[in-house]
>>> print(open('my_file-v6.cif').read())   # mmCIF, C-alpha atoms
data_run
loop_
_atom_site.label_atom_id
_atom_site.label_comp_id
_atom_site.auth_asym_id
_atom_site.auth_seq_id
_atom_site.Cartn_x
_atom_site.Cartn_y
_atom_site.Cartn_z
CA MET A 1 -8.66 -37.07 -28.49
CA ILE A 2 -9.24 -33.34 -28.91
CA ARG A 3 -8.76 -32.90 -25.16
CA ARG A 4 -5.51 -34.86 -25.28
CA LEU A 5 -4.28 -32.69 -28.14
CA PHE A 6 -5.38 -29.37 -26.63
CA PRO A 7 -5.25 -29.64 -22.83
CA HIS A 8 -5.59 -25.84 -22.59
CA PRO A 9 -7.78 -24.71 -25.50
CA TYR A 10 -7.61 -21.01 -24.55
CA LEU A 11 -3.84 -21.12 -24.26
CA SER A 12 -3.61 -22.80 -27.67
CA ALA A 13 -5.87 -20.19 -29.28
CA MET A 14 -3.82 -17.41 -27.66
CA LEU A 15 -0.56 -18.92 -28.93
CA VAL A 16 -1.89 -19.03 -32.51
CA ILE A 17 -2.96 -15.38 -32.30
CA VAL A 18 0.34 -14.26 -30.73
CA TRP A 19 2.39 -16.12 -33.33
CA MET A 20 0.39 -14.66 -36.22
CA LEU A 21 0.81 -11.15 -34.76
CA LEU A 22 4.53 -11.78 -34.33
CA VAL A 23 4.88 -12.78 -37.99
CA ASN A 24 3.02 -9.53 -38.83
CA ARG A 25 1.63 -10.67 -42.19
CA PHE A 26 -0.64 -13.54 -43.12
CA ALA A 27 0.89 -16.63 -44.71
CA TRP A 28 -0.42 -20.19 -44.63
CA GLY A 29 3.01 -21.52 -43.66
CA SER A 30 3.02 -19.37 -40.54
CA LEU A 31 -0.46 -20.56 -39.64
CA VAL A 32 0.67 -24.19 -39.85
CA PHE A 33 3.67 -23.43 -37.64
CA ALA A 34 1.42 -21.55 -35.20
CA VAL A 35 -0.80 -24.63 -34.90
CA ILE A 36 2.25 -26.84 -34.31
CA LEU A 37 3.35 -24.48 -31.52
CA SER A 38 -0.13 -24.39 -30.04
CA ILE A 39 0.02 -28.18 -29.69
CA ALA A 40 3.65 -28.44 -28.52
CA ILE A 41 3.79 -25.69 -25.89
CA PRO A 42 0.66 -26.71 -23.88
CA ALA A 43 1.82 -30.36 -24.04
CA LEU A 44 5.25 -29.45 -22.69
CA THR A 45 3.94 -27.15 -19.94
CA GLU A 46 0.98 -29.31 -18.89
CA PRO A 47 2.74 -30.87 -15.85
CA TYR A 48 3.00 -27.39 -14.31
CA TRP A 49 -0.64 -26.49 -14.95
CA PRO A 50 -2.72 -29.65 -14.61
CA ALA A 51 -6.08 -28.05 -13.85
CA ARG A 52 -7.98 -26.77 -16.84
CA ALA A 53 -8.91 -23.09 -16.68
CA ARG A 54 -12.66 -22.64 -17.03
CA LEU A 55 -14.48 -19.67 -18.52
CA ARG A 56 -18.17 -19.55 -17.86
CA HIS A 57 -18.99 -16.42 -19.85
CA PRO A 58 -16.11 -15.66 -22.26
CA GLY A 59 -18.26 -13.03 -23.98
CA LYS A 60 -18.09 -10.77 -20.94
CA ILE A 61 -14.28 -10.47 -21.22
CA LEU A 62 -14.69 -7.67 -23.78
CA VAL A 63 -16.86 -5.63 -21.38
CA TYR A 64 -14.32 -6.23 -18.61
CA VAL A 65 -11.37 -5.11 -20.77
CA THR A 66 -13.25 -1.96 -21.80
CA ILE A 67 -13.96 -1.08 -18.17
CA VAL A 68 -10.33 -1.72 -17.17
CA VAL A 69 -8.92 0.41 -20.01
CA HIS A 70 -11.33 3.22 -19.08
CA ASP A 71 -10.31 2.96 -15.42
CA ILE A 72 -6.59 2.89 -16.29
CA ILE A 73 -6.91 6.16 -18.23
CA ARG A 74 -8.94 7.82 -15.46
CA ALA A 75 -6.60 6.61 -12.71
CA ASN A 76 -3.55 7.70 -14.72
CA ILE A 77 -4.83 11.27 -14.73
CA ASP A 78 -5.72 11.12 -11.01
CA VAL A 79 -2.28 9.81 -10.04
CA ALA A 80 -0.48 12.27 -12.33
CA LEU A 81 -2.30 15.12 -10.54
CA ILE A 82 -1.36 13.64 -7.15
CA VAL A 83 2.31 13.31 -8.14
CA LEU A 84 2.52 16.80 -9.63
CA PHE A 85 0.46 18.92 -7.23
CA LYS A 86 -0.01 17.16 -3.91
CA PRO A 87 2.75 17.79 -1.34
CA ASN A 88 4.11 14.62 0.25
CA ARG A 89 2.86 15.61 3.72
CA ASN A 90 -0.76 15.57 2.50
CA LEU A 91 -0.36 12.14 0.96
CA GLN A 92 -2.29 9.39 2.74
CA PRO A 93 -0.92 6.04 1.62
CA ALA A 94 -2.76 3.02 3.03
CA TRP A 95 -2.66 -0.75 3.11
CA ILE A 96 -6.06 -2.29 2.52
CA THR A 97 -7.30 -5.87 2.79
CA ILE A 98 -9.68 -7.10 0.13
CA PRO A 99 -11.54 -10.24 1.23
CA LEU A 100 -11.83 -12.47 -1.84
CA GLU A 101 -14.92 -14.30 -3.02
CA LEU A 102 -13.08 -15.58 -6.09
CA ARG A 103 -11.59 -19.05 -5.69
CA SER A 104 -10.15 -19.93 -9.10
CA PRO A 105 -6.39 -19.15 -9.22
CA GLU A 106 -6.71 -17.73 -12.74
CA ALA A 107 -9.45 -15.32 -11.65
CA ILE A 108 -7.42 -14.13 -8.64
CA THR A 109 -4.38 -13.60 -10.90
CA VAL A 110 -6.44 -11.46 -13.27
CA LEU A 111 -7.88 -9.45 -10.36
CA ALA A 112 -4.42 -8.86 -8.83
CA SER A 113 -2.99 -7.84 -12.22
CA THR A 114 -5.89 -5.46 -12.85
CA ILE A 115 -5.35 -3.81 -9.47
CA THR A 116 -1.63 -3.34 -10.16
CA LEU A 117 -2.17 -2.01 -13.69
CA THR A 118 -4.63 0.59 -12.42
CA PRO A 119 -2.36 3.41 -11.19
CA GLY A 120 -2.76 4.27 -7.53
CA THR A 121 -3.14 0.70 -6.31
CA VAL A 122 -0.61 -2.14 -6.23
CA SER A 123 -1.57 -5.65 -5.16
CA SER A 124 1.22 -6.74 -2.86
CA ASP A 125 0.38 -10.09 -1.36
CA LEU A 126 -2.14 -12.87 -1.01
CA SER A 127 -3.13 -14.28 2.37
CA GLN A 128 -1.65 -17.70 2.86
CA ASN A 129 -4.75 -19.67 1.90
CA GLY A 130 -5.82 -17.30 -0.84
CA HIS A 131 -8.81 -15.72 0.90
CA ALA A 132 -7.68 -12.09 0.94
CA LEU A 133 -5.58 -9.73 -1.15
CA LEU A 134 -3.23 -7.12 0.33
CA VAL A 135 -3.32 -3.89 -1.70
CA HIS A 136 -1.24 -0.76 -1.24
CA CYS A 137 -2.93 2.54 -2.15
CA LEU A 138 -1.00 5.67 -3.04
CA HIS A 139 -3.65 8.02 -1.69
CA ALA A 140 -6.72 6.63 0.05
CA PRO A 141 -8.42 8.92 2.55
CA GLU A 142 -11.43 6.55 2.47
CA PRO A 143 -10.05 2.97 2.29
CA GLN A 144 -13.52 1.40 2.43
CA GLU A 145 -14.50 3.18 -0.82
CA VAL A 146 -11.51 1.65 -2.62
CA ILE A 147 -12.43 -1.83 -1.34
CA ASP A 148 -16.06 -1.44 -2.43
CA GLU A 149 -15.06 -0.16 -5.85
CA ILE A 150 -12.66 -3.04 -6.49
CA LYS A 151 -15.21 -5.60 -5.29
CA THR A 152 -18.12 -4.28 -7.36
CA ARG A 153 -16.28 -3.13 -10.50
CA TYR A 154 -13.78 -5.95 -10.92
CA GLU A 155 -14.38 -8.90 -8.62
CA ALA A 156 -18.11 -9.25 -9.34
CA ARG A 157 -17.46 -9.21 -13.09
CA LEU A 158 -14.58 -11.70 -12.85
CA LYS A 159 -16.81 -13.99 -10.81
CA GLU A 160 -19.32 -13.95 -13.68
CA ILE A 161 -16.61 -14.66 -16.24
CA PHE A 162 -14.75 -17.43 -14.40
CA GLU A 163 -17.05 -19.06 -11.88
CA MET B 1 -5.76 13.81 -44.35
CA ASP B 2 -2.01 13.56 -43.89
CA LEU B 3 -2.03 16.65 -41.73
CA ALA B 4 -4.80 15.26 -39.52
CA GLY B 5 -2.83 12.03 -39.14
CA GLU B 6 0.32 13.91 -38.21
CA ILE B 7 -1.52 16.00 -35.62
CA LEU B 8 -3.10 12.88 -34.12
CA ILE B 9 0.22 11.01 -34.01
CA SER B 10 2.02 13.98 -32.45
CA ALA B 11 -0.72 14.33 -29.85
CA MET B 12 -0.41 10.66 -28.85
CA LEU B 13 3.40 10.96 -28.68
CA VAL B 14 3.15 14.02 -26.44
CA ILE B 15 0.56 12.35 -24.16
CA GLY B 16 2.66 9.19 -23.89
CA GLY B 17 5.83 11.16 -23.25
CA ALA B 18 4.16 13.37 -20.66
CA PHE B 19 2.89 10.41 -18.64
CA GLY B 20 6.30 8.75 -18.89
CA LEU B 21 7.88 11.94 -17.58
CA VAL B 22 5.40 12.31 -14.71
CA GLY B 23 6.02 8.66 -13.81
CA SER B 24 9.77 9.24 -13.65
CA TYR B 25 9.29 12.43 -11.64
CA GLY B 26 7.07 10.52 -9.21
CA LEU B 27 9.86 8.02 -8.72
CA VAL B 28 12.04 10.87 -7.42
CA LYS B 29 9.41 12.84 -5.54
CA LEU B 30 7.35 10.28 -3.62
CA PRO B 31 8.47 9.67 -0.02
CA ASP B 32 9.08 5.91 0.45
CA GLN B 33 9.54 2.67 -1.46
CA MET B 34 5.91 1.53 -1.44
CA THR B 35 4.56 4.84 -2.77
CA ARG B 36 7.36 5.03 -5.33
CA LEU B 37 6.17 1.71 -6.70
CA HIS B 38 3.03 3.51 -7.90
CA ALA B 39 4.82 5.91 -10.23
CA PRO B 40 6.14 3.41 -12.81
CA THR B 41 2.73 1.75 -13.21
CA LYS B 42 1.69 4.97 -14.91
CA ALA B 43 4.64 4.98 -17.28
CA ALA B 44 3.95 1.32 -18.07
CA THR B 45 0.27 1.84 -18.95
CA LEU B 46 -0.70 5.20 -20.43
CA GLY B 47 2.90 6.24 -21.17
CA VAL B 48 3.70 3.22 -23.30
CA GLY B 49 0.07 3.04 -24.47
CA GLY B 50 0.25 6.52 -26.00
CA ILE B 51 3.48 5.71 -27.85
CA MET B 52 2.00 2.41 -29.08
CA ILE B 53 -1.13 4.12 -30.44
CA ALA B 54 1.09 6.68 -32.16
CA SER B 55 3.10 3.87 -33.75
CA LEU B 56 -0.07 2.04 -34.86
CA LEU B 57 -1.41 5.26 -36.40
CA TRP B 58 1.88 5.99 -38.19
CA PHE B 59 1.89 2.58 -39.84
CA GLY B 60 -1.80 3.01 -40.66
CA PHE B 61 -1.34 6.42 -42.29
CA PHE B 62 2.17 6.34 -43.74
CA GLY B 63 3.51 2.79 -43.49
CA GLU B 64 3.48 0.28 -46.32
CA ARG B 65 1.09 -1.95 -44.40
CA ALA B 66 -0.53 -2.19 -40.99
CA SER B 67 1.68 -3.33 -38.11
CA TRP B 68 0.47 -5.64 -35.36
CA HIS B 69 3.54 -5.75 -33.14
CA GLU B 70 2.19 -2.93 -30.96
CA PHE B 71 -0.62 -5.17 -29.71
CA LEU B 72 1.97 -7.76 -28.72
CA ILE B 73 4.08 -5.20 -26.86
CA VAL B 74 1.02 -4.06 -24.91
CA LEU B 75 -0.01 -7.69 -24.25
CA PHE B 76 3.40 -8.75 -22.91
CA LEU B 77 3.73 -5.54 -20.92
CA PHE B 78 0.35 -6.12 -19.28
CA LEU B 79 1.35 -9.70 -18.51
CA THR B 80 4.75 -8.88 -17.00
CA ALA B 81 4.31 -5.48 -15.29
CA PRO B 82 2.07 -6.82 -12.46
CA ILE B 83 4.57 -9.62 -11.75
CA THR B 84 7.42 -7.11 -11.41
CA GLY B 85 5.25 -4.93 -9.16
CA LEU B 86 4.34 -7.91 -6.98
CA MET B 87 7.97 -9.03 -6.65
CA ILE B 88 9.16 -5.52 -5.70
CA ALA B 89 6.29 -5.17 -3.20
CA LYS B 90 7.09 -8.52 -1.58
CA THR B 91 10.79 -7.65 -1.35
CA ASN B 92 9.82 -4.36 0.30
CA MET B 93 7.62 -6.21 2.77
CA HIS B 94 10.50 -8.51 3.69
CA LEU B 95 12.98 -5.65 4.07
CA THR B 96 11.05 -2.80 5.67
CA TRP B 97 7.69 -3.96 7.02
CA ARG B 98 6.84 -6.09 10.02
CA PRO B 99 3.76 -8.34 9.89
CA ASP B 100 2.04 -6.34 12.67
CA GLU B 101 2.25 -3.12 10.62
CA LEU B 102 0.07 -4.64 7.91
CA PRO B 103 -3.71 -4.99 8.13
CA TYR B 104 -5.09 -8.25 9.47
CA PRO B 105 -5.73 -10.73 6.63
CA GLY B 106 -8.89 -12.21 8.16
CA GLU B 107 -9.55 -15.94 8.40
CA ASP B 108 -6.15 -16.97 7.00
CA MET B 109 -4.20 -15.41 9.90
CA HIS B 110 -1.03 -14.60 7.87
CA TRP B 111 -0.05 -12.98 4.61
CA ALA B 112 1.74 -15.43 2.32
CA THR B 113 5.00 -13.46 2.55
CA PHE B 114 5.13 -13.94 6.33
CA GLY B 115 3.19 -17.18 6.71
CA ASP B 116 4.36 -20.78 6.73
CA SER B 117 2.39 -21.77 3.64
CA ALA B 118 5.30 -22.08 1.25
CA ASP B 119 5.45 -25.84 1.71
CA ARG B 120 1.70 -26.28 1.28
CA SER B 121 -0.58 -25.71 -1.69
CA LEU B 122 -1.56 -22.13 -2.43
CA MET B 123 -5.26 -22.88 -2.58
CA ASP B 124 -6.97 -24.90 0.10
CA GLY B 125 -10.70 -25.54 -0.27
CA ASP B 126 -11.98 -29.01 -1.09
CA ALA B 127 -13.74 -27.92 -4.28
CA ASP B 128 -10.44 -26.89 -5.84
CA LEU B 129 -8.75 -30.15 -4.90
CA ASP B 130 -11.62 -32.13 -6.38
CA ASN B 131 -11.43 -30.20 -9.63
CA THR B 132 -7.70 -30.76 -9.91
CA GLU B 133 -8.06 -34.46 -9.34
CA ARG B 134 -10.86 -34.72 -11.87
CA ASP B 135 -8.82 -32.87 -14.48
CA LEU B 136 -5.86 -35.12 -13.89
CA ARG B 137 -8.00 -38.18 -14.45
CA GLU B 138 -9.45 -36.90 -17.71
#
>>> encode(input="my_file-v6.cif", output="structure tokens")
Amino acid sequence: MIRRLFPHPYLSAMLVIVWMLLVNRFAWGSLVFAVILSIAIPALTEPYWPARARLRHPGKILVYVTIVVHDIIRANIDVALIVLFKPNRNLQPAWITIPLELRSPEAITVLASTITLTPGTVSSDLSQNGHALLVHCLHAPEPQEVIDEIKTRYEARLKEIFE
Amino acid sequence: MDLAGEILISAMLVIGGAFGLVGSYGLVKLPDQMTRLHAPTKAATLGVGGIMIASLLWFGFFGERASWHEFLIVLFLFLTAPITGLMIAKTNMHLTWRPDELPYPGEDMHWATFGDSADRSLMDGDADLDNTERDLRE
């Protein structure tokens, strides 16, 4: 019964939070409407997302977000320095291939988004069976270092969270 | 207290504005489409982030009550910015790159943009199929 009502419990929880933030002040009426939305929207979109997303260790999401925010700030400064002070002829852009150990589509989406949000790297494509990620680097004299960093900092942690 | 708040808010506004400016400058200065794609990611993260923190602080210090919309802006931005980046990158790959200029994708032979996988499922792997079927039955 509960599963029928909430096919995607995390999506439902997220919708309640988003709606309450959108309303911007607490009122019981809004909470009731948020719950109605959190039932209606997953029910309507379920045909497009039949598999239930699993989280093995939801508690580790907070650690992951902290690391990503820290990395975004650090990478922002690095890329700003590259843009401002490095002449274009010294720039070494590179395509790199990241072999994926993650298999869950949700986990790969989060990894690809993290890579794009971190300045200096943009995830550009997935290999056709989802076993590797194509990433473009703004300045990567040592491509292997970038691959290792992404695999140890992000992929290993996402594997703990999702799989 | 008010002065400290104002200094903090101004600092965040200047930081956000500076990163937005550097991002826009990068868009002009960098040499080709793929490298130019990197500049706006900066404006979208720390640039907007700085302005959002400034706005949060202003409502905290001087507003009538706390505002939560900034969290939503950051949330939706972080959800949508990677999709835009991916779409622009894939368009670039179609227009200006040949498959043999890209690194080899390993066991899958082709990148999805150039492969023939559009008519098949994104994920192969028997485990995934089993999970999907089990979920459908539930």
>>> interface_residues(input="my_file-v6.cif", of="chain A", to="chain B", cutoff="8 Å", atoms="all atoms listed in the file", output="ChimeraX atom specification")
/A:18,21-22,24,50-52,72-73,76,79-80,83-84,88,93,95-97,99,103-105,112-113,116-134,136-138
>>> write_last_selection(input="my_file-v6.cif", atoms="C-alpha atoms", output="JSON list (two decimals), keeping the file's coordinate frame")
[["chain", "number", "residue", "atom", "x", "y", "z"],
["A", 18, "VAL", "CA", 0.34, -14.26, -30.73],
["A", 21, "LEU", "CA", 0.81, -11.15, -34.76],
["A", 22, "LEU", "CA", 4.53, -11.78, -34.33],
["A", 24, "ASN", "CA", 3.02, -9.53, -38.83],
["A", 50, "PRO", "CA", -2.72, -29.65, -14.61],
["A", 51, "ALA", "CA", -6.08, -28.05, -13.85],
["A", 52, "ARG", "CA", -7.98, -26.77, -16.84],
["A", 72, "ILE", "CA", -6.59, 2.89, -16.29],
["A", 73, "ILE", "CA", -6.91, 6.16, -18.23],
["A", 76, "ASN", "CA", -3.55, 7.70, -14.72],
["A", 79, "VAL", "CA", -2.28, 9.81, -10.04],
["A", 80, "ALA", "CA", -0.48, 12.27, -12.33],
["A", 83, "VAL", "CA", 2.31, 13.31, -8.14],
["A", 84, "LEU", "CA", 2.52, 16.80, -9.63],
["A", 88, "ASN", "CA", 4.11, 14.62, 0.25],
["A", 93, "PRO", "CA", -0.92, 6.04, 1.62],
["A", 95, "TRP", "CA", -2.66, -0.75, 3.11],
["A", 96, "ILE", "CA", -6.06, -2.29, 2.52],
["A", 97, "THR", "CA", -7.30, -5.87, 2.79],
["A", 99, "PRO", "CA", -11.54, -10.24, 1.23],
["A", 103, "ARG", "CA", -11.59, -19.05, -5.69],
["A", 104, "SER", "CA", -10.15, -19.93, -9.10],
["A", 105, "PRO", "CA", -6.39, -19.15, -9.22],
["A", 112, "ALA", "CA", -4.42, -8.86, -8.83],
["A", 113, "SER", "CA", -2.99, -7.84, -12.22],
["A", 116, "THR", "CA", -1.63, -3.34, -10.16],
["A", 117, "LEU", "CA", -2.17, -2.01, -13.69],
["A", 118, "THR", "CA", -4.63, 0.59, -12.42],
["A", 119, "PRO", "CA", -2.36, 3.41, -11.19],
["A", 120, "GLY", "CA", -2.76, 4.27, -7.53],
["A", 121, "THR", "CA", -3.14, 0.70, -6.31],
["A", 122, "VAL", "CA", -0.61, -2.14, -6.23],
["A", 123, "SER", "CA", -1.57, -5.65, -5.16],
["A", 124, "SER", "CA", 1.22, -6.74, -2.86],
["A", 125, "ASP", "CA", 0.38, -10.09, -1.36],
["A", 126, "LEU", "CA", -2.14, -12.87, -1.01],
["A", 127, "SER", "CA", -3.13, -14.28, 2.37],
["A", 128, "GLN", "CA", -1.65, -17.70, 2.86],
["A", 129, "ASN", "CA", -4.75, -19.67, 1.90],
["A", 130, "GLY", "CA", -5.82, -17.30, -0.84],
["A", 131, "HIS", "CA", -8.81, -15.72, 0.90],
["A", 132, "ALA", "CA", -7.68, -12.09, 0.94],
["A", 133, "LEU", "CA", -5.58, -9.73, -1.15],
["A", 134, "LEU", "CA", -3.23, -7.12, 0.33],
["A", 136, "HIS", "CA", -1.24, -0.76, -1.24],
["A", 137, "CYS", "CA", -2.93, 2.54, -2.15],
["A", 138, "LEU", "CA", -1.00, 5.67, -3.04]]
>>> atom_distance(input="my_file-v6.cif", atom1="CA of Ala53 (chain A)", atom2="CA of Ile41 (chain A)")
15.9 Å
>>> residues_around(input="my_file-v6.cif", residues="Val146 (chain A)", least_positions_apart="3", cutoff="10 Å", atoms="only C-alpha atoms", output="list in words")
Ile96, Ile98, Thr121, Val135, Cys137, Ala140, Pro141, Glu142, Pro143, Glu149, Ile150 and Lys151 of chain A
>>> closest_residue(input="my_file-v6.cif", among="A:Leu11, A:Ile115, A:Ala94, A:Ile67", to="Thr45 (chain A)", atoms="only C-alpha atoms")
A:Leu11
>>> resolve_selection(input="my_file-v6.cif", expression="the PyMOL selection byres ((chain A and resi 40) around 12)", output="list in words")
Arg4, Leu5, Phe6, Pro7, His8, Leu11, Ser12, Leu15, Val16, Phe33, Ala34, Val35, Ile36, Leu37, Ser38, Ile39, Ile41, Pro42, Ala43, Leu44, Thr45 and Glu46 of chain A
>>> atom_distance(input="my_file-v6.cif", atom1="CA of Tyr154 (chain A)", atom2="CA of Leu111 (chain A)")
6.9 Å
>>> closest_residue(input="my_file-v6.cif", among="A:Ile161, A:Ile82, A:Ile2, A:Ile77", to="His57 (chain A)", atoms="all atoms listed in the file")
A:Ile161
>>> resolve_selection(input="my_file-v6.cif", expression="the PyMOL selection byres ((chain B and resi 2) around 12)", output="VMD selection string")
chain B and resid 1 3 to 9 57 to 58 60 to 62
>>> atom_distance(input="my_file-v6.cif", atom1="CA of His70 (chain A)", atom2="CA of Ile15 (chain B)")
15.8 Å
>>> axis_aligned_box(input="my_file-v6.cif", around="region 32-47 of chain B", padding_each_side="3 Å", output="JSON")
{"center_x": 4.4, "center_y": 3.8, "center_z": -10.4, "size_x": 16.2, "size_y": 10.9, "size_z": 27.6}
>>> decode(input="my_file-v6.cif", residues="region 117-129 of chain A", atoms="N, CA and C atoms", output="mmCIF file, in the first residue's frame")
data_model
loop_
_atom_site.group_PDB
_atom_site.id
_atom_site.type_symbol
_atom_site.label_atom_id
_atom_site.label_comp_id
_atom_site.auth_asym_id
_atom_site.auth_seq_id
_atom_site.Cartn_x
_atom_site.Cartn_y
_atom_site.Cartn_z
ATOM 1 N N LEU A 117 29.848 20.276 -13.005
ATOM 2 C CA LEU A 117 29.746 21.422 -12.102
ATOM 3 C C LEU A 117 31.107 21.847 -11.577
ATOM 4 N N THR A 118 32.070 20.926 -11.528
ATOM 5 C CA THR A 118 33.409 21.296 -11.102
ATOM 6 C C THR A 118 34.093 21.985 -12.278
ATOM 7 N N PRO A 119 34.425 23.281 -12.159
ATOM 8 C CA PRO A 119 35.008 23.972 -13.304
ATOM 9 C C PRO A 119 36.304 23.297 -13.748
ATOM 10 N N GLY A 120 36.545 23.337 -15.054
ATOM 11 C CA GLY A 120 37.747 22.704 -15.592
ATOM 12 C C GLY A 120 37.475 21.371 -16.231
ATOM 13 N N THR A 121 36.366 20.728 -15.878
ATOM 14 C CA THR A 121 36.022 19.455 -16.518
ATOM 15 C C THR A 121 34.547 19.475 -16.921
ATOM 16 N N VAL A 122 34.251 18.971 -18.113
ATOM 17 C CA VAL A 122 32.864 18.852 -18.564
ATOM 18 C C VAL A 122 32.655 17.420 -19.029
ATOM 19 N N SER A 123 31.656 16.735 -18.479
ATOM 20 C CA SER A 123 31.376 15.387 -18.979
ATOM 21 C C SER A 123 30.573 15.522 -20.256
ATOM 22 N N SER A 124 31.071 14.894 -21.329
ATOM 23 C CA SER A 124 30.523 15.155 -22.654
ATOM 24 C C SER A 124 29.719 14.001 -23.222
ATOM 25 N N ASP A 125 30.035 12.786 -22.849
ATOM 26 C CA ASP A 125 29.319 11.673 -23.448
ATOM 27 C C ASP A 125 29.520 10.413 -22.613
ATOM 28 N N LEU A 126 28.618 9.463 -22.844
ATOM 29 C CA LEU A 126 28.700 8.164 -22.205
ATOM 30 C C LEU A 126 28.983 7.169 -23.324
ATOM 31 N N SER A 127 29.762 6.125 -23.045
ATOM 32 C CA SER A 127 29.941 5.120 -24.082
ATOM 33 C C SER A 127 28.622 4.372 -24.250
ATOM 34 N N GLN A 128 28.454 3.692 -25.387
ATOM 35 C CA GLN A 128 27.076 3.337 -25.752
ATOM 36 C C GLN A 128 26.435 2.292 -24.842
ATOM 37 N N ASN A 129 27.227 1.553 -24.068
ATOM 38 C CA ASN A 129 26.604 0.663 -23.093
ATOM 39 C C ASN A 129 26.803 1.145 -21.660
#
